[in-house]
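Contents: one structure, followed by commentary.
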Amino acid sequence: MQMKCKDIKYRLSAFMDGRAGPDEAAEIESHLRICPDCGAVRREMRQVTDLLGLLPDAAPEPFFTTRLAARLAQDHAADRHPRVRRFLVPLYMVSALVVGFIIGSFSGSLFNGAQTTSSTEDAMARSLYLQSFDDFPEASISEAYFTLAVNLTDGEGDQP
Amino acid sequence: MDESRLIERFRSGDPEAFRQIVDIQYPQVYRLCFRFLGNREDAEEICQDVFIRLHRTGAGYRQEGKLFTFLYRIAVRLCLNRIRDRKRRNWTSLEHAAPVGSLVSDSPDRLLEQKEKEQAVRKAVDELPEAQRTALILRRYQELSYSEIAKVMQCSEASVESMLFRARQTLRKKLKSLLA
Ligand SMILES: [Zn+2]
């Protein structure tokens, strides 16, 4: 049975993507040669494809792995120290550094004995050029700082 | 190194394997996010979320087909969530990318005309239903095959055909005034 214009128009999209088998493709081709209406639809579909090319592409930004490593380390620190996290929420950056130092040395001494051995996440973060992060003792000032950074961005960009 | 060996190493906790996966996959995941979100900051953030999810999945990752289909699936879901979130908050100020280099030498009139066209296209694409928009972006910009799109969207290839047809049909009607 011959395809009608309606069928042809439906199949055009897939046909133009090379999705029609040889028989179907031949039938569509021959229909397009004799039917100006379907021919116009094909022309417009091509133009739509061209128009879509107007939307700009974005080149990926360099040093993504470094930024990702920082995020992983932040998340990891936040997961391990909910107490530090809660304490630091309302404080401003500068005062937090001072308070964080005090809390950091306090909780650092608390947690030192119970510290787990290097988890996979630690290893991942290290491999992502974050060796220096692990050079600091647990809950040290740097970790408190990272935790604060997480808290400050909470609620703005986090996924629901 | 082939992908399945890299994934095996990643699943066994090899951090270097994770880093390599990120290096390989990041550019395309970022492009995909940017296509959906139209701004670099959001694309960067969602892209990080995608890899953090992969990282958390760790040993639990089960390979079914190419890794990128798994990553794209997460990316699409997160991007659509972000867009819904924006709509709830009536977010309007789309940054939408730098000017296109080839247009710099053109006359101001022509630049304006081009900019208007671009905005019309952007609007028409943004207004497509989510599934159709996703299929279209994966096809037109990420240049995925129908079977790859079907894997990302977890649907049949026939559905992909239908979604692409409807997306193009809608665009053809909405952009009629821009067609010669
Ligand atoms: Zn016809």
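We label chains A, B, ... in the order they appear in the structure tokens, count residues from 1 in each chain, and number ligands from 1 in the order shown.
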Protein and nucleic acid residues within 10 Å of ligand 1 (only C-alpha atoms and all ligand atoms) as a PyMOL selection string: chain A and resi 3-9+28+31-41
Save the residues we just selected, all heavy atoms, as a tab-separated table (two decimals), in the first residue's frame?
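Wrote it out as selection.tsv, contents follow:
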```tsv
chain	number	residue	atom	x	y	z
A	3	MET	N	2.24	4.95	0.72
A	3	MET	CA	2.17	5.86	1.86
A	3	MET	C	1.49	7.15	1.44
A	3	MET	O	1.73	7.67	0.35
A	3	MET	CB	3.59	6.17	2.35
A	3	MET	CG	4.26	5.01	3.07
A	3	MET	SD	6.01	5.34	3.38
A	3	MET	CE	5.95	6.27	4.89
A	4	LYS	N	0.65	7.63	2.32
A	4	LYS	CA	-0.03	8.90	2.04
A	4	LYS	C	0.83	10.05	2.58
A	4	LYS	O	1.75	9.83	3.36
A	4	LYS	CB	-1.39	8.92	2.74
A	4	LYS	CG	-2.34	7.83	2.29
A	4	LYS	CD	-3.75	8.14	2.81
A	4	LYS	CE	-4.74	7.07	2.42
A	4	LYS	NZ	-4.70	5.90	3.33
A	5	CYS	N	0.46	11.25	2.16
A	5	CYS	CA	1.21	12.44	2.60
A	5	CYS	C	1.37	12.48	4.12
A	5	CYS	O	2.45	12.81	4.63
A	5	CYS	CB	0.51	13.71	2.13
A	5	CYS	SG	0.73	14.00	0.37
A	6	LYS	N	0.29	12.13	4.81
A	6	LYS	CA	0.33	12.18	6.27
A	6	LYS	C	1.41	11.23	6.81
A	6	LYS	O	2.18	11.61	7.71
A	6	LYS	CB	-1.06	11.77	6.81
A	6	LYS	CG	-1.25	12.02	8.29
A	6	LYS	CD	-2.74	11.93	8.63
A	6	LYS	CE	-2.96	12.01	10.13
A	6	LYS	NZ	-2.92	10.72	10.80
A	7	ASP	N	1.49	10.02	6.26
A	7	ASP	CA	2.51	9.06	6.69
A	7	ASP	C	3.91	9.56	6.34
A	7	ASP	O	4.85	9.45	7.13
A	7	ASP	CB	2.31	7.70	6.00
A	7	ASP	CG	0.90	7.18	6.19
A	7	ASP	OD1	0.37	7.33	7.30
A	7	ASP	OD2	0.33	6.63	5.22
A	8	ILE	N	4.01	10.09	5.12
A	8	ILE	CA	5.32	10.59	4.68
A	8	ILE	C	5.81	11.68	5.62
A	8	ILE	O	6.97	11.65	6.07
A	8	ILE	CB	5.23	11.17	3.24
A	8	ILE	CG1	4.79	10.11	2.24
A	8	ILE	CG2	6.54	11.84	2.83
A	8	ILE	CD1	5.87	9.18	1.76
A	9	LYS	N	4.93	12.59	5.95
A	9	LYS	CA	5.33	13.70	6.83
A	9	LYS	C	5.76	13.19	8.19
A	9	LYS	O	6.71	13.69	8.78
A	9	LYS	CB	4.19	14.72	6.96
A	9	LYS	CG	4.09	15.65	5.75
A	9	LYS	CD	2.86	16.52	5.79
A	9	LYS	CE	2.71	17.27	4.47
A	9	LYS	NZ	1.33	17.71	4.24
A	28	ILE	N	9.79	7.11	-0.02
A	28	ILE	CA	9.72	8.51	0.43
A	28	ILE	C	10.38	9.42	-0.62
A	28	ILE	O	9.82	10.45	-1.00
A	28	ILE	CB	10.39	8.68	1.82
A	28	ILE	CG1	9.58	7.93	2.88
A	28	ILE	CG2	10.49	10.15	2.19
A	28	ILE	CD1	10.22	7.88	4.27
A	31	HIS	N	8.17	9.87	-3.57
A	31	HIS	CA	7.03	10.73	-3.22
A	31	HIS	C	7.45	12.20	-3.18
A	31	HIS	O	6.75	13.08	-3.67
A	31	HIS	CB	6.43	10.31	-1.88
A	31	HIS	CG	5.25	11.14	-1.47
A	31	HIS	ND1	3.95	10.81	-1.79
A	31	HIS	CD2	5.16	12.32	-0.81
A	31	HIS	CE1	3.12	11.74	-1.33
A	31	HIS	NE2	3.84	12.66	-0.72
A	32	LEU	N	8.61	12.44	-2.59
A	32	LEU	CA	9.08	13.82	-2.45
A	32	LEU	C	9.29	14.47	-3.83
A	32	LEU	O	9.14	15.68	-3.98
A	32	LEU	CB	10.39	13.87	-1.64
A	32	LEU	CG	10.23	13.61	-0.14
A	32	LEU	CD1	11.60	13.44	0.53
A	32	LEU	CD2	9.47	14.76	0.53
A	33	ARG	N	9.64	13.64	-4.82
A	33	ARG	CA	9.87	14.19	-6.16
A	33	ARG	C	8.58	14.69	-6.81
A	33	ARG	O	8.60	15.64	-7.58
A	33	ARG	CB	10.53	13.13	-7.06
A	33	ARG	CG	12.06	13.14	-6.93
A	33	ARG	CD	12.73	12.37	-8.06
A	33	ARG	NE	12.45	10.93	-7.96
A	33	ARG	CZ	13.18	10.09	-7.24
A	33	ARG	NH1	14.22	10.53	-6.55
A	33	ARG	NH2	12.90	8.81	-7.19
A	34	ILE	N	7.45	14.05	-6.46
A	34	ILE	CA	6.20	14.44	-7.13
A	34	ILE	C	5.26	15.27	-6.25
A	34	ILE	O	4.28	15.81	-6.75
A	34	ILE	CB	5.42	13.19	-7.62
A	34	ILE	CG1	5.19	12.24	-6.45
A	34	ILE	CG2	6.18	12.50	-8.77
A	34	ILE	CD1	4.01	11.32	-6.66
A	35	CYS	N	5.56	15.35	-4.94
A	35	CYS	CA	4.62	16.06	-4.06
A	35	CYS	C	5.26	17.34	-3.50
A	35	CYS	O	6.10	17.28	-2.60
A	35	CYS	CB	4.19	15.15	-2.90
A	35	CYS	SG	3.11	16.00	-1.74
A	36	PRO	N	4.86	18.50	-4.04
A	36	PRO	CA	5.45	19.75	-3.59
A	36	PRO	C	5.17	20.04	-2.12
A	36	PRO	O	6.00	20.63	-1.42
A	36	PRO	CB	4.80	20.82	-4.47
A	36	PRO	CG	3.70	20.15	-5.21
A	36	PRO	CD	3.85	18.69	-5.09
A	37	ASP	N	4.03	19.57	-1.66
A	37	ASP	CA	3.64	19.81	-0.27
A	37	ASP	C	4.63	19.13	0.70
A	37	ASP	O	5.16	19.78	1.62
A	37	ASP	CB	2.22	19.25	-0.08
A	37	ASP	CG	1.56	19.83	1.14
A	37	ASP	OD1	1.93	20.96	1.53
A	37	ASP	OD2	0.68	19.16	1.71
A	38	CYS	N	4.86	17.86	0.49
A	38	CYS	CA	5.80	17.14	1.35
A	38	CYS	C	7.23	17.65	1.14
A	38	CYS	O	8.03	17.69	2.08
A	38	CYS	CB	5.73	15.63	1.08
A	38	CYS	SG	4.20	14.90	1.68
A	39	GLY	N	7.53	18.04	-0.10
A	39	GLY	CA	8.86	18.60	-0.40
A	39	GLY	C	9.10	19.86	0.42
A	39	GLY	O	10.20	20.07	0.95
A	40	ALA	N	8.04	20.67	0.55
A	40	ALA	CA	8.16	21.91	1.34
A	40	ALA	C	8.39	21.60	2.81
A	40	ALA	O	9.19	22.26	3.48
A	40	ALA	CB	6.90	22.75	1.16
A	41	VAL	N	7.73	20.56	3.28
A	41	VAL	CA	7.92	20.18	4.69
A	41	VAL	C	9.37	19.77	4.92
A	41	VAL	O	10.01	20.17	5.90
A	41	VAL	CB	6.95	19.04	5.10
A	41	VAL	CG1	7.29	18.54	6.50
A	41	VAL	CG2	5.52	19.52	5.05
```
Test item, alpha helix (DSSP H) assignment across region 2-67 of chain A, answer as number ranges by chain: A: 5-16, 22-34, 36-52, 64-67
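Nearest to Tyr141 (chain B) of all the residues B:Cys33, B:Ala17, B:Val22, B:Ala75 is B:Cys33, counting only C-alpha atoms.
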With a cut-off of 6 Å, could you pull out the residues of chain B touching chain A and give me the nearest pair of atoms for each, distance in Å to one decimal, using only C-alpha atoms, ordered by chain and ascending number, as CSV?
```
residue,atom,partner,partner_atom,distance
B:Gly13,CA,A:Thr120,CA,5.9
B:Pro15,CA,A:Met124,CA,4.4
B:Glu16,CA,A:Ser127,CA,6.0
B:Pro27,CA,A:Pro60,CA,5.4
B:Gln48,CA,A:Leu68,CA,6.0
B:Glu118,CA,A:Leu54,CA,5.8
B:Phe165,CA,A:Ser13,CA,5.4
```
Selected residues, all heavy atoms, written as a PDB file, in the first residue's frame, please.
```pdb
ATOM      1  N   GLY B  13      37.654   0.957  43.510  1.00  0.00           N
ATOM      2  CA  GLY B  13      38.106   2.042  44.375  1.00  0.00           C
ATOM      3  C   GLY B  13      39.383   2.735  43.938  1.00  0.00           C
ATOM      4  O   GLY B  13      39.981   3.472  44.712  1.00  0.00           O
ATOM      5  N   PRO B  15      41.303   5.534  42.662  1.00  0.00           N
ATOM      6  CA  PRO B  15      41.007   6.950  42.461  1.00  0.00           C
ATOM      7  C   PRO B  15      41.505   7.484  41.116  1.00  0.00           C
ATOM      8  O   PRO B  15      40.891   8.381  40.534  1.00  0.00           O
ATOM      9  CB  PRO B  15      41.712   7.644  43.622  1.00  0.00           C
ATOM     10  CG  PRO B  15      42.715   6.670  44.119  1.00  0.00           C
ATOM     11  CD  PRO B  15      42.235   5.304  43.781  1.00  0.00           C
ATOM     12  N   GLU B  16      42.614   6.939  40.649  1.00  0.00           N
ATOM     13  CA  GLU B  16      43.156   7.391  39.368  1.00  0.00           C
ATOM     14  C   GLU B  16      42.172   7.064  38.243  1.00  0.00           C
ATOM     15  O   GLU B  16      42.004   7.834  37.295  1.00  0.00           O
ATOM     16  CB  GLU B  16      44.522   6.736  39.126  1.00  0.00           C
ATOM     17  CG  GLU B  16      45.169   7.043  37.786  1.00  0.00           C
ATOM     18  CD  GLU B  16      45.357   8.535  37.511  1.00  0.00           C
ATOM     19  OE1 GLU B  16      45.434   9.325  38.472  1.00  0.00           O
ATOM     20  OE2 GLU B  16      45.415   8.901  36.322  1.00  0.00           O
ATOM     21  N   PRO B  27      33.888  16.939  29.225  1.00  0.00           N
ATOM     22  CA  PRO B  27      33.515  17.908  28.186  1.00  0.00           C
ATOM     23  C   PRO B  27      32.105  17.700  27.644  1.00  0.00           C
ATOM     24  O   PRO B  27      31.339  18.668  27.507  1.00  0.00           O
ATOM     25  CB  PRO B  27      34.572  17.681  27.097  1.00  0.00           C
ATOM     26  CG  PRO B  27      35.750  17.111  27.814  1.00  0.00           C
ATOM     27  CD  PRO B  27      35.168  16.259  28.908  1.00  0.00           C
ATOM     28  N   GLN B  48      29.237  19.073  38.164  1.00  0.00           N
ATOM     29  CA  GLN B  48      29.887  18.558  39.380  1.00  0.00           C
ATOM     30  C   GLN B  48      28.967  17.565  40.092  1.00  0.00           C
ATOM     31  O   GLN B  48      29.408  16.508  40.541  1.00  0.00           O
ATOM     32  CB  GLN B  48      30.236  19.704  40.326  1.00  0.00           C
ATOM     33  CG  GLN B  48      31.395  20.557  39.854  1.00  0.00           C
ATOM     34  CD  GLN B  48      31.800  21.608  40.884  1.00  0.00           C
ATOM     35  OE1 GLN B  48      31.384  21.553  42.035  1.00  0.00           O
ATOM     36  NE2 GLN B  48      32.604  22.572  40.461  1.00  0.00           N
ATOM     37  N   GLU B 118      18.074  34.027  17.298  1.00  0.00           N
ATOM     38  CA  GLU B 118      18.586  33.117  18.315  1.00  0.00           C
ATOM     39  C   GLU B 118      17.631  33.025  19.501  1.00  0.00           C
ATOM     40  O   GLU B 118      17.351  31.939  20.015  1.00  0.00           O
ATOM     41  CB  GLU B 118      19.957  33.622  18.773  1.00  0.00           C
ATOM     42  CG  GLU B 118      20.693  32.673  19.691  1.00  0.00           C
ATOM     43  CD  GLU B 118      21.943  33.322  20.272  1.00  0.00           C
ATOM     44  OE1 GLU B 118      22.743  33.908  19.517  1.00  0.00           O
ATOM     45  OE2 GLU B 118      22.110  33.256  21.505  1.00  0.00           O
ATOM     46  N   PHE B 165       9.996  13.506  16.034  1.00  0.00           N
ATOM     47  CA  PHE B 165       9.038  13.994  15.045  1.00  0.00           C
ATOM     48  C   PHE B 165       8.211  15.141  15.618  1.00  0.00           C
ATOM     49  O   PHE B 165       8.088  16.205  15.003  1.00  0.00           O
ATOM     50  CB  PHE B 165       8.115  12.853  14.583  1.00  0.00           C
ATOM     51  CG  PHE B 165       6.868  13.338  13.895  1.00  0.00           C
ATOM     52  CD1 PHE B 165       6.927  13.840  12.599  1.00  0.00           C
ATOM     53  CD2 PHE B 165       5.644  13.334  14.549  1.00  0.00           C
ATOM     54  CE1 PHE B 165       5.781  14.315  11.963  1.00  0.00           C
ATOM     55  CE2 PHE B 165       4.504  13.809  13.920  1.00  0.00           C
ATOM     56  CZ  PHE B 165       4.560  14.304  12.627  1.00  0.00           C
TER      57      PHE B 165
END
```
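Computed from the coordinates, the CA of Gly38 (chain B) to CA of Ile149 (chain B) distance equals 20.8 Å.
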Between CA of Ile21 (chain B) and CA of Arg5 (chain B) - distance in Å to one decimal: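 Separating CA of Arg5 (chain B) from CA of Ile21 (chain B) is a distance of 11.2 Å.
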Straight-line distance linking CA of Ile24 (chain B) with CA of Phe51 (chain B), stated in Å to one decimal: 11.8 Å
